[in-house]
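Asker: Hey, dropping protein.cif in here, mmCIF, C-alpha atoms:
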data_run
#
loop_
_atom_site.label_atom_id
_atom_site.label_comp_id
_atom_site.auth_asym_id
_atom_site.auth_seq_id
_atom_site.Cartn_x
_atom_site.Cartn_y
_atom_site.Cartn_z
CA MET T 1 -29.57 -61.32 10.11
CA LYS T 2 -28.13 -58.97 12.75
CA LYS T 3 -24.66 -59.31 11.28
CA ARG T 4 -25.91 -58.31 7.86
CA ASP T 5 -27.64 -55.28 9.36
CA MET T 6 -24.37 -54.27 11.01
CA GLY T 7 -22.57 -54.32 7.65
CA SER T 8 -25.40 -52.40 6.02
CA LYS T 9 -25.34 -49.76 8.77
CA GLN T 10 -21.63 -49.29 8.28
CA ILE T 11 -22.20 -48.47 4.60
CA LYS T 12 -25.13 -46.18 5.37
CA HIS T 13 -23.07 -44.39 7.95
CA TYR T 14 -20.45 -43.44 5.39
CA ASN T 15 -23.09 -42.45 2.81
CA LYS T 16 -24.92 -40.10 5.14
CA VAL T 17 -22.20 -38.57 7.31
CA SER T 18 -21.85 -34.78 6.88
CA ILE T 19 -24.15 -34.56 3.85
CA HIS T 20 -26.09 -31.66 5.41
CA ARG T 21 -22.91 -29.91 6.48
CA ILE T 22 -21.27 -30.35 3.06
CA LEU T 23 -24.37 -29.07 1.27
CA ALA T 24 -24.73 -26.08 3.59
CA THR T 25 -21.04 -25.21 3.16
CA ARG T 26 -21.21 -25.40 -0.62
CA LEU T 27 -24.38 -23.31 -0.77
CA ALA T 28 -22.81 -20.72 1.52
CA ILE T 29 -19.65 -20.55 -0.62
CA ALA T 30 -21.75 -20.25 -3.79
CA GLY T 31 -23.81 -17.48 -2.16
CA ILE T 32 -20.68 -15.57 -1.14
CA ILE T 33 -19.17 -15.88 -4.62
CA ILE T 34 -22.40 -14.76 -6.31
CA SER T 35 -22.76 -11.83 -3.87
CA PHE T 36 -19.16 -10.77 -4.51
CA ILE T 37 -19.54 -10.92 -8.30
CA LEU T 38 -22.83 -9.00 -8.25
CA GLY T 39 -21.40 -6.47 -5.77
CA VAL T 40 -18.46 -5.76 -8.08
CA ALA T 41 -20.88 -5.46 -11.00
CA VAL T 42 -22.94 -2.90 -9.04
CA LEU T 43 -19.83 -0.85 -8.27
CA LEU T 44 -18.82 -0.84 -11.94
CA ILE T 45 -22.33 0.15 -13.04
CA GLU T 46 -22.53 2.99 -10.52
CA ARG T 47 -19.04 4.19 -11.49
CA ASN T 48 -19.97 4.13 -15.17
CA LYS T 49 -23.07 6.20 -14.43
CA VAL T 50 -20.88 8.97 -13.01
CA GLY T 51 -18.51 8.72 -15.98
CA GLU T 52 -21.39 8.90 -18.45
CA VAL T 53 -22.80 12.00 -16.74
CA VAL T 54 -19.39 13.69 -16.92
CA LEU T 55 -18.92 12.69 -20.55
CA ASP T 56 -22.40 13.95 -21.40
CA ARG T 57 -21.53 17.27 -19.81
CA ALA T 58 -18.26 17.42 -21.77
CA LEU T 59 -20.14 16.66 -25.00
CA GLN T 60 -22.59 19.48 -24.33
CA ALA T 61 -19.73 21.87 -23.67
CA THR T 62 -18.10 20.68 -26.90
CA VAL T 63 -21.27 21.48 -28.83
CA HIS T 64 -21.16 25.04 -27.50
CA PHE T 65 -17.46 25.26 -28.26
CA ASN T 66 -17.97 24.05 -31.84
CA ALA T 67 -20.77 26.55 -32.32
CA GLU T 68 -18.65 29.49 -31.17
CA ALA T 69 -15.38 28.39 -32.79
CA GLY T 70 -16.89 27.17 -36.05
CA SER T 71 -14.96 29.50 -38.35
CA LEU T 72 -11.73 28.97 -36.39
CA LEU T 73 -12.04 25.20 -36.69
CA ASP T 74 -12.60 25.44 -40.44
CA GLU T 75 -9.15 26.96 -40.98
CA PRO T 76 -6.59 24.30 -42.05
CA GLY T 77 -4.05 23.61 -39.30
CA LEU T 78 -5.96 25.74 -36.75
CA PRO T 79 -3.55 28.70 -36.92
CA ASP T 80 -5.53 31.08 -34.67
CA HIS T 81 -4.55 29.69 -31.28
CA GLU T 82 -5.46 32.90 -29.49
CA GLY T 83 -8.96 32.89 -30.94
CA ILE T 84 -9.51 29.25 -29.91
CA GLN T 85 -8.18 30.09 -26.43
CA ARG T 86 -10.70 32.93 -26.08
CA VAL T 87 -13.56 30.64 -27.06
CA LEU T 88 -12.38 28.05 -24.54
CA ASP T 89 -12.19 30.70 -21.80
CA ASN T 90 -15.73 31.84 -22.59
CA VAL T 91 -17.11 28.29 -22.44
CA ILE T 92 -15.27 27.65 -19.17
CA SER T 93 -16.54 30.90 -17.62
CA ARG T 94 -20.14 29.93 -18.39
CA GLY T 95 -19.49 26.49 -16.92
CA VAL T 96 -18.30 28.05 -13.65
CA LYS T 97 -21.77 29.56 -13.20
CA LEU T 98 -23.25 26.03 -13.31
CA ARG T 99 -21.25 24.76 -10.35
CA ASN T 100 -23.85 25.84 -7.79
CA SER T 101 -26.72 24.40 -9.81
CA ARG T 102 -28.07 20.86 -9.39
CA TYR T 103 -26.33 19.82 -12.60
CA GLY T 104 -23.08 21.40 -11.48
CA LYS T 105 -22.98 19.46 -8.21
CA VAL T 106 -21.52 16.53 -10.14
CA GLY T 107 -18.21 18.42 -10.16
CA HIS T 108 -16.28 20.56 -12.63
CA SER T 109 -13.42 20.45 -15.11
CA VAL T 110 -10.07 21.41 -13.62
CA PHE T 111 -7.81 20.71 -16.59
CA ILE T 112 -8.36 20.93 -20.35
CA ASP T 113 -5.98 20.67 -23.29
CA ILE T 114 -6.87 21.08 -26.97
CA PHE T 115 -4.57 19.44 -29.53
CA ASP T 116 -4.62 19.61 -33.29
CA LEU T 117 -4.23 16.49 -35.41
CA ASP T 118 -0.44 16.80 -35.25
CA GLN T 119 -0.72 16.72 -31.44
CA ASN T 120 0.34 20.35 -31.08
CA LYS T 121 -1.30 22.12 -28.16
CA VAL T 122 -3.75 24.76 -29.36
CA ALA T 123 -5.36 25.94 -26.11
CA LYS T 124 -5.45 24.99 -22.44
CA PHE T 125 -7.25 25.61 -19.15
CA LEU T 126 -6.15 25.11 -15.54
CA ASP T 127 -8.30 25.69 -12.47
CA SER T 128 -5.69 27.43 -10.31
CA ASN T 129 -8.03 27.35 -7.29
CA HIS T 130 -8.28 23.57 -7.27
CA GLU T 131 -6.29 22.06 -4.37
CA ASN T 132 -4.65 19.26 -6.39
CA ILE T 133 -4.20 21.15 -9.66
CA LYS T 134 -0.40 20.74 -9.77
CA THR T 135 -0.66 16.98 -9.27
CA VAL T 136 -3.49 16.75 -11.80
CA GLU T 137 -1.45 18.71 -14.35
CA THR T 138 1.59 16.50 -13.80
CA HIS T 139 -0.50 13.37 -14.20
CA MET T 140 -2.20 14.59 -17.38
CA HIS T 141 1.10 15.61 -18.96
CA SER T 142 2.89 12.39 -17.99
CA SER T 143 0.12 9.98 -19.02
CA GLN T 144 -0.56 8.99 -22.60
CA SER T 145 -3.95 10.08 -23.92
CA PRO T 146 -5.54 8.33 -26.94
CA LEU T 147 -5.62 11.36 -29.25
CA SER T 148 -6.14 9.15 -32.29
CA TYR T 149 -9.67 8.16 -31.21
CA ASN T 150 -12.50 9.38 -33.41
CA LYS T 151 -15.07 9.00 -30.64
CA ASP T 152 -15.49 10.28 -27.10
CA TRP T 153 -14.05 8.29 -24.18
CA TYR T 154 -13.56 8.49 -20.42
CA ASP T 155 -11.66 6.75 -17.64
CA LEU T 156 -11.79 6.90 -13.85
CA ILE T 157 -8.49 7.87 -12.21
CA ARG T 158 -7.46 8.62 -8.63
CA ILE T 159 -5.13 11.43 -7.65
CA LYS T 160 -4.18 11.75 -3.97
CA GLY T 161 -7.12 9.52 -3.12
CA ASN T 162 -9.65 11.73 -4.91
CA PRO T 163 -11.67 10.50 -7.92
CA TYR T 164 -11.32 12.23 -11.30
CA ILE T 165 -12.83 11.47 -14.66
CA LYS T 166 -10.31 11.71 -17.47
CA PHE T 167 -12.11 12.27 -20.74
CA GLY T 168 -11.50 12.95 -24.40
CA VAL T 169 -13.78 14.42 -27.07
CA PRO T 170 -12.96 14.99 -30.77
CA LEU T 171 -13.64 18.41 -32.31
CA THR T 172 -15.01 18.69 -35.83
CA ASN T 173 -15.32 21.48 -38.39
CA SER T 174 -18.46 22.52 -40.23
CA ASN T 175 -18.03 19.57 -42.63
CA GLY T 176 -18.03 17.08 -39.76
CA GLU T 177 -14.33 16.32 -40.19
CA LYS T 178 -12.20 15.77 -37.12
CA VAL T 179 -9.72 18.65 -36.69
CA ALA T 180 -8.72 18.54 -33.01
CA ASN T 181 -9.08 16.71 -29.68
CA ILE T 182 -10.10 17.89 -26.24
CA VAL T 183 -8.52 16.04 -23.31
CA GLY T 184 -9.54 16.97 -19.79
CA ALA T 185 -9.78 16.02 -16.14
CA PHE T 186 -13.06 16.39 -14.24
CA ALA T 187 -13.02 16.60 -10.43
CA VAL T 188 -15.94 14.61 -9.05
CA SER T 189 -17.62 16.42 -6.15
CA SER T 190 -17.65 14.99 -2.61
CA GLU T 191 -21.47 14.91 -2.72
CA VAL T 192 -21.40 12.59 -5.72
CA VAL T 193 -18.75 10.36 -4.10
CA ALA T 194 -20.83 10.07 -0.90
CA ASP T 195 -23.98 9.36 -2.90
CA PHE T 196 -22.13 6.77 -5.00
CA ARG T 197 -20.90 4.94 -1.92
CA CYS T 198 -24.31 5.05 -0.26
CA ARG T 199 -26.17 3.70 -3.30
CA ALA T 200 -23.51 1.06 -3.96
CA LEU T 201 -23.65 -0.11 -0.32
CA LYS T 202 -27.46 -0.26 -0.30
CA THR T 203 -27.59 -2.14 -3.58
CA THR T 204 -24.90 -4.57 -2.45
CA LEU T 205 -26.74 -5.27 0.82
CA ILE T 206 -29.97 -5.87 -1.09
CA ILE T 207 -28.19 -8.29 -3.43
CA ILE T 208 -26.61 -10.16 -0.51
CA SER T 209 -30.00 -10.40 1.22
CA ILE T 210 -31.63 -11.76 -1.93
CA VAL T 211 -28.86 -14.34 -2.40
CA LEU T 212 -29.07 -15.45 1.24
CA VAL T 213 -32.87 -15.74 1.15
CA THR T 214 -32.71 -17.68 -2.11
CA THR T 215 -30.06 -19.98 -0.67
CA GLY T 216 -32.17 -20.52 2.43
CA LEU T 217 -35.21 -21.41 0.33
CA LEU T 218 -33.22 -23.80 -1.86
CA TYR T 219 -31.57 -25.62 1.04
CA PRO T 220 -34.62 -27.64 2.26
CA VAL T 221 -35.62 -28.44 -1.31
CA ILE T 222 -32.16 -29.77 -2.13
CA ILE T 223 -32.03 -31.67 1.17
CA LYS T 224 -35.35 -33.33 0.38
CA LEU T 225 -34.11 -34.39 -3.05
CA MET T 226 -30.83 -35.58 -1.58
CA ASN T 227 -32.69 -37.66 1.03
CA ARG T 228 -34.72 -39.32 -1.69
CA LEU T 229 -31.58 -40.04 -3.66
CA THR T 230 -29.89 -41.38 -0.53
CA ARG T 231 -32.78 -43.73 0.18
CA LEU T 232 -32.55 -45.07 -3.35
CA ASN T 233 -28.81 -45.55 -2.89
CA TYR T 234 -29.45 -47.41 0.36
CA ARG T 235 -31.84 -49.77 -1.39
CA LEU T 236 -29.28 -50.38 -4.10
CA LEU T 237 -26.57 -51.02 -1.51
CA ASP T 238 -28.85 -53.37 0.40
CA SER T 239 -29.47 -55.36 -2.75
CA GLN T 240 -25.73 -55.46 -3.41
CA LEU T 241 -25.05 -56.63 0.12
CA GLU T 242 -27.75 -59.25 -0.21
CA THR T 243 -26.09 -60.49 -3.38
CA LEU T 244 -22.74 -60.59 -1.62
CA LYS T 245 -24.35 -62.44 1.30
CA VAL T 246 -25.76 -65.06 -1.04
CA LEU T 247 -22.34 -65.49 -2.62
CA GLY T 248 -20.74 -65.70 0.80
CA SER T 249 -23.30 -68.24 1.98
CA ALA T 250 -22.62 -70.35 -1.10
CA ILE T 251 -18.93 -70.36 -0.22
CA ALA T 252 -19.80 -71.18 3.39
CA THR T 253 -21.71 -74.36 2.52
CA ARG T 254 -18.52 -76.34 3.13
CA ASP T 255 -17.77 -74.48 6.37
CA CYS T 256 -20.58 -73.25 8.65
CA ASP T 257 -18.33 -70.68 10.32
CA THR T 258 -17.34 -68.97 7.06
CA ASP T 259 -20.54 -66.85 6.92
CA ALA T 260 -19.91 -65.34 10.35
CA HIS T 261 -16.26 -64.96 9.48
CA ASN T 262 -17.17 -62.77 6.46
CA TYR T 263 -19.01 -60.29 8.67
CA ARG T 264 -16.19 -60.22 11.18
CA VAL T 265 -13.76 -59.45 8.36
CA VAL T 266 -15.99 -56.59 7.23
CA ILE T 267 -16.23 -55.07 10.70
CA TYR T 268 -12.50 -55.40 11.38
CA SER T 269 -11.69 -53.99 7.94
CA VAL T 270 -13.87 -50.92 8.53
CA ARG T 271 -12.34 -50.29 11.95
CA LEU T 272 -8.83 -50.57 10.56
CA ALA T 273 -9.73 -48.30 7.62
CA GLU T 274 -11.08 -45.68 10.04
CA ALA T 275 -7.89 -45.85 12.10
CA ALA T 276 -5.79 -45.53 8.93
CA GLY T 277 -7.78 -42.46 7.83
CA LEU T 278 -9.10 -43.82 4.54
CA ASP T 279 -11.74 -41.73 2.78
CA LYS T 280 -15.36 -42.85 2.46
CA ASN T 281 -15.10 -44.02 -1.14
CA ASN T 282 -12.22 -46.35 -0.32
CA ILE T 283 -14.07 -47.68 2.73
CA ARG T 284 -17.11 -48.49 0.62
CA THR T 285 -14.91 -50.42 -1.82
CA LEU T 286 -13.24 -52.17 1.12
CA ILE T 287 -16.60 -53.32 2.53
CA LYS T 288 -17.64 -54.81 -0.78
CA GLY T 289 -14.29 -56.54 -1.17
CA ALA T 290 -14.34 -57.91 2.37
CA PHE T 291 -17.61 -59.69 1.68
CA SER T 292 -16.36 -61.46 -1.41
#
Could I get this file's structure written as structure tokens?
Answerer:
Amino acid sequence: MKKRDMGSKQIKHYNKVSIHRILATRLAIAGIIISFILGVAVLLIERNKVGEVVLDRALQATVHFNAEAGSLLDEPGLPDHEGIQRVLDNVISRGVKLRNSRYGKVGHSVFIDIFDLDQNKVAKFLDSNHENIKTVETHMHSSQSPLSYNKDWYDLIRIKGNPYIKFGVPLTNSNGEKVANIVGAFAVSSEVVADFRCRALKTTLIIISIVLVTTGLLYPVIIKLMNRLTRLNYRLLDSQLETLKVLGSAIATRDCDTDAHNYRVVIYSVRLAEAAGLDKNNIRTLIKGAFS
């Protein structure tokens, strides 16, 4: 009876070893992966919020521009470039007054180009007081802008480590037909960048905390279920060993020492398998084979 218990304990040992450690490691890895994915999602959401605010501001400025340049935009081919330039300068000058307001703290446009449908430049604006204006201008002229779009768009770019929102808005005439495109670069203010980083960091920490707490709550529940499953496996293994013992005893009817010999073979086989570095699944198979 003691010999059978020794064989059973060997099997149980390899069923139970490191189950808590393996489970904890996998839960920790899953928690880290989930936290990373959600953290990236938060950063993208926060970044899109800034882009949407900038695009909304550009759309409002476009509405004012369309209202003032209505007759100029109705002319085929937009021949009056000087008139369109004056309207653009007026809209920009009013926008400068908003920079010190709460709405203006988002930032301001530092570069604007207006193109007709043949991609000829109609009007332009450069903020000569902006510190990176030359680099911004070079970037905007060297990069390809989707002038064929019939809807507004934006993209986050970095120039000398500073964030800018590159945007495009179509211009329409009084009939609602697209006649030109506005392409610009919006310099995001340092206040918005600091606020973005602060909110993103807080949200990410909250998400990580929630994931860790959830993982901690799930761990004992999973362990309890695993223990129940392990006990059922032990019972099944015991019944299998009992069956093997009966078969071994039947073989041993012609030799009384054969029964003890079977258990010795099992123990020696397990020790040799451990020394050889076999994995647990192979050792389990070896134990069953040694009994037969």
Asker: What are the nearest atom pairs, with distances in Å to one decimal, for all residues of range 142-234 of chain T that come at most 8 Å from range 60-78 of chain T, using all atoms listed in the file, set out by chain and rising residue number as CSV?
Answerer:
residue,atom,partner,partner_atom,distance
T:Val169,CA,T:Thr62,CA,7.6
T:Leu171,CA,T:Asn66,CA,7.1
T:Thr172,CA,T:Leu73,CA,7.2
T:Asn173,CA,T:Asp74,CA,5.2
T:Ser174,CA,T:Gly70,CA,6.4
T:Val179,CA,T:Leu73,CA,6.9
Asker: I'd like the interatomic distance between CA of Arg158 in chain T and CA of Ile114 in chain T, to a tenth of an Å.
Answerer: 22.2 Å
Asker: Run the PyMOL selection byres ((chain T and resi 110) around 7) on the file and write out the hits as a PyMOL selection string.
Answerer: chain T and resi 108-109+111-112+126-127+130+185-187
Asker: Could you write out as number ranges by chain the residues that the PyMOL selection byres ((chain T and resi 55) around 9) matches in the shown file?
Answerer: T: 50-54, 56-60, 152-154, 165, 167-169
Asker: Evaluated on this file, the PyMOL selection byres ((chain T and resi 160-162) around 9) picks out some residues - which ones are they, written as a PyMOL selection string?
Answerer: chain T and resi 132+135+157-159+163-164+187-188+190
Asker: Using only C-alpha atoms, pick whichever of T:Leu117, T:Pro220, T:Asn281, T:Thr243 has the shortest atom-to-atom distance to Glu177 in chain T.
Answerer: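 With only C-alpha atoms as the atom set, the closest residue is T:Leu117.
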Asker: Name the closest residue to Asn90 in chain T among the candidates T:Lys134, T:Val265, T:Asp113, T:Phe125; distances are taken between atoms, counting only C-alpha atoms.
Answerer: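 So, comparing all the options, the nearest one is T:Phe125.
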Asker: Mind giving me the straight-line distance from CA of Ala24 in chain T to CA of Leu212 in chain T in Å, one decimal?
Answerer: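 So the answer is 11.7 Å.
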Asker: Would you mind listing what lies within 10 Å of range 200-202 of chain T as a list in words, with all atoms listed in the file counted and same-chain residues fewer than 2 positions away left out?
Answerer: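 My list of contacting residues is Gly39, Val40, Ala41, Val42, Leu43, Leu44, Ile45, Glu46, Arg47, Ala194, Asp195, Phe196, Arg197, Cys198, Thr204, Leu205, Ile206, Ile207 and Ile208 of chain T.
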Asker: So how many Å separate CA of Pro170 in chain T and CA of Lys151 in chain T, to one decimal?
Answerer: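 CA of Lys151 in chain T lies at a distance of 6.4 Å from CA of Pro170 in chain T.
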Asker: From the options T:Ile34, T:Val87, T:Leu156, T:Val106, which residue's atoms come nearest to Ser209 in chain T, counting all atoms listed in the file?
Answerer: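 The answer is T:Ile34, which sits nearest to Ser209 in chain T.
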Asker: Determine the nearest neighbour of Leu218 in chain T from the options T:Arg94, T:Lys166, T:Lys280, T:Leu23, counting only C-alpha atoms.
Answerer: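 That would be T:Leu23, the residue with the smallest distance to Leu218 in chain T.
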Asker: Determine the nearest neighbour of Arg199 in chain T from the options T:Arg235, T:Val221, T:Gly31, T:Lys49, counting all atoms listed in the file.
Answerer: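 Among T:Arg235, T:Val221, T:Gly31, T:Lys49, it is T:Lys49 that comes nearest to Arg199 in chain T.
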Asker: Return the single residue from T:Leu225, T:Val122, T:Leu147, T:Leu27 that is closest to Asn181 in chain T, with distances computed using all atoms listed in the file.
Answerer: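 Comparing T:Leu225, T:Val122, T:Leu147, T:Leu27 against Asn181 in chain T, the winner is T:Leu147.
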